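These notes concern the structure reproduced below.
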There are 2 protein chains.
Amino acid sequence: MSIPGPDATPRWLTDDQQRAWRALLAFVTRLDDHLDRQLQRDAGMPHAYYQVLAMLSEAPDRTLRMSQLADATTSSPSRLSHAVARLEEKGWVRRDRHPTDRRGALAVLTDAGFDALVAAAPGHVAAVREVLFDRLDDEQVRSLRDVFEALEPDR
Amino acid sequence: MSIPGPDATPRWLTDDQQRAWRALLAFVTRLDDHLDRQLQRDAGMPHAYYQVLAMLSEAPDRTLRMSQLADATTSSPSRLSHAVARLEEKGWVRRDRHPTDRRGALAVLTDAGFDALVAAAPGHVAAVREVLFDRLDDEQVRSLRDVFEALEPDR
DNA sequence: TCCTAGTGGTTGAACTCTCAACAAGTTACT
DNA sequence: AGTAACTTGTTGAGAGTTCAACCACTAGGA
């Protein structure tokens, strides 16, 4: 796209914003590809599914309500529902009924699911380091943390 | 995942890294969703296809070899091939043969494709601002630029 | 020239995700 | 109690992406 004049109708991006945007975009694409490929190859699951297992593993009783799990993994209800269905087939997650709210469903990490997560974790962490943290010094990591924590959604 | 002891086999993440990682992950998921949804709704194309049109629009003669276009959009050959096939159906991109290397294919942005891009751009830029730049001050944008430019792949 | 290795690009099947529609249950109001 | 509005979660079809296999062409030697 050619850049419109300074008073063009849509507010465009400043030079810094433009550069930040392009670099960010290229990075996140590579990031997604890298993580998905590594996990799919070495652990038989996409990154989104790994996140589901990881969040469940941290929850009390390794159990979370679907809506909370969706929130924790930043995923839509539909996406999560499909994901849990798939993870159930693999025997890594089980669905229970919510004890009081009968609309609700609880996702529970099985022992097999926990084992799969433990097996997948080292390779995944290595991939994260490789693509991100091994290329940044401490100050850059702090900047990154500050910026993205500032971008966390208003609750 | 519970965090293993300081000398556990896989090098884990420091606290800052952990926080940066979680915040970044949540953000990029929301980012992708937000951009895809806006473009799909308002312009009938996913974000990846917008990027294809955008890169072509900046190229000489609005033409790029498939491999270069794949590189510019950080996409795999396969992804790009499917994408261009779809954009061709819409009449937004055309494929030409490469003049000298007969393996090569050239992707050319059509006038209709350019118009579609121009129509889509303001809404897209607004979405980018909304989810990112409107929430950051100038210094944060500079940090962002510095960090992600540092992460650009070694050529 | 011939042959091998490498490059550029496409294809189809399998898988994930989105969107819209839906079912079931809960809440709030009258 | 009755009912309208909202919440929770699922489903199926359509669309995009991945992976592996493949074809066509080029390059670099014997």
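Convention: chains lettered A, B, ... in structure tokens order; per-chain residue numbering from 1; ligands numbered from 1 as shown.
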Check which residues of chain D sit at most 9 Å from chain B using only C-alpha atoms (C1' of nucleotides), and return one row each with the closest pair of atoms and their distance in Å to one decimal, ordered by chain and rising number, as CSV.
```
residue,atom,partner,partner_atom,distance
D:DG16,C1',B:Ala83,CA,8.4
D:DT17,C1',B:Arg79,CA,6.4
D:DT18,C1',B:Arg79,CA,8.3
D:DA24,C1',B:Arg103,CA,6.6
D:DC25,C1',B:Arg103,CA,5.2
D:DT26,C1',B:Asp101,CA,8.1
```
| If we count only C-alpha atoms (C1' of nucleotides), what is near Ala120 (chain B) at a cut-off of 7 Å, once residues fewer than 4 positions away on the same chain are taken out, given as number ranges by chain? | B: 43, 116, 124
| query | Which of these residues is nearest to chain A, using only C-alpha atoms: B:Arg30, B:Arg97, B:Arg86, B:Arg37? | reply |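 So, comparing all the options, the nearest one is B:Arg30.
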| field | Selection: 12 Å around DC2 (chain C), only C-alpha atoms (C1' of nucleotides), excl. self and same-chain fewer than 4 positions, as a VMD selection string | value | chain D and resid 28 to 30
Could you write those residues out with N, CA and C atoms (P, O5', C5', C4', C3', O3' and C1' of nucleotides), as a short mmCIF file (atom, residue, chain, number, x, y, z; two decimals), in the first residue's frame?
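File again.cif, as written:
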```cif
data_model
loop_
_atom_site.label_atom_id
_atom_site.label_comp_id
_atom_site.auth_asym_id
_atom_site.auth_seq_id
_atom_site.Cartn_x
_atom_site.Cartn_y
_atom_site.Cartn_z
P DG D 28 25.29 -23.83 -11.02
"O5'" DG D 28 25.99 -25.00 -10.21
"C5'" DG D 28 25.25 -26.17 -9.88
"C4'" DG D 28 26.15 -27.41 -9.91
"C3'" DG D 28 27.58 -27.17 -10.41
"O3'" DG D 28 28.43 -28.09 -9.73
"C1'" DG D 28 26.48 -28.64 -11.88
P DG D 29 30.03 -27.92 -9.86
"O5'" DG D 29 30.29 -28.26 -11.40
"C5'" DG D 29 31.20 -29.29 -11.75
"C4'" DG D 29 30.75 -30.65 -11.26
"C3'" DG D 29 31.57 -31.79 -11.81
"O3'" DG D 29 31.72 -32.80 -10.83
"C1'" DG D 29 29.36 -31.91 -12.73
P DA D 30 32.96 -33.77 -10.97
"O5'" DA D 30 32.38 -34.81 -12.02
"C5'" DA D 30 33.09 -35.99 -12.23
"C4'" DA D 30 32.19 -36.92 -13.01
"C3'" DA D 30 32.99 -37.75 -14.01
"O3'" DA D 30 32.50 -39.06 -14.01
"C1'" DA D 30 31.37 -36.41 -15.15
#
```
| task | Could you tell me how far CA of Gln38 (chain A) lies from CA of Thr29 (chain B), in Å and to one decimal? | result |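 Rounded to one decimal, the two atoms are 18.3 Å apart.
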Tell me which protein, DNA and RNA residues are within 10 Å of Asp96 (chain B), counting only C-alpha atoms (C1' of nucleotides), leaving out same-chain ones fewer than 5 positions away, and put them as a short mmCIF file (atom, residue, chain, number, x, y, z; two decimals) with C-alpha atoms, in the first residue's frame.
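Saved the output as around.cif:
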```cif
data_model
loop_
_atom_site.label_atom_id
_atom_site.label_comp_id
_atom_site.auth_asym_id
_atom_site.auth_seq_id
_atom_site.Cartn_x
_atom_site.Cartn_y
_atom_site.Cartn_z
CA THR B 63 3.99 -8.37 -9.35
CA LEU B 64 6.05 -10.78 -7.31
CA ARG B 65 7.41 -14.23 -7.84
CA GLY B 104 8.59 -19.89 -11.72
CA ALA B 105 5.18 -18.32 -11.40
CA LEU B 106 4.40 -14.65 -10.96
CA ALA B 107 1.54 -13.39 -8.87
CA VAL B 108 0.06 -10.17 -10.21
#
```
Considering only C-alpha atoms (C1' of nucleotides), give me a table of residues in chain C that are at most 10 Å from chain B, with the closest atom pair and distance in Å for each, as a tab-separated table.
```
residue	atom	partner	partner_atom	distance
C:DT7	C1'	B:Arg103	CA	8.6
C:DG8	C1'	B:Arg103	CA	5.6
C:DG9	C1'	B:Gly104	CA	7.2
C:DT10	C1'	B:Ser81	CA	7.0
C:DT11	C1'	B:Ser78	CA	9.2
C:DT18	C1'	B:Arg37	CA	8.8
```
| said: With 8 Å as the limit and counting only C-alpha atoms, what residues in chain A lie close to chain B? Please list them as a ChimeraX atom specification. | reply: /A:1-2,10-13,16-17,19-21,23-24,26-30,54-55,57-58,73-75,122,125-126,132-133,135-136,140-152
| request: Could you find all residues in chain B that DSSP calls strand (DSSP E or B) from the backbone, and write them as a VMD selection string? | output: chain B and resid 63 to 65 93 to 97 105 to 109
| request: Pick out each residue of region 30-99 of chain A that DSSP on the backbone tags as alpha helix (DSSP H); I need them as a PyMOL selection string. | output: chain A and resi 30-43+47-58+66-72+77-89
| Length of the CA of Tyr49 (chain B) to CA of Asp134 (chain B) vector [Å] | 24.5 Å
| Between CA of Ala85 (chain B) and CA of Thr110 (chain B), what is the distance, to one decimal in Å? |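 Calculated distance between CA of Ala85 (chain B) and CA of Thr110 (chain B) is 13.7 Å.
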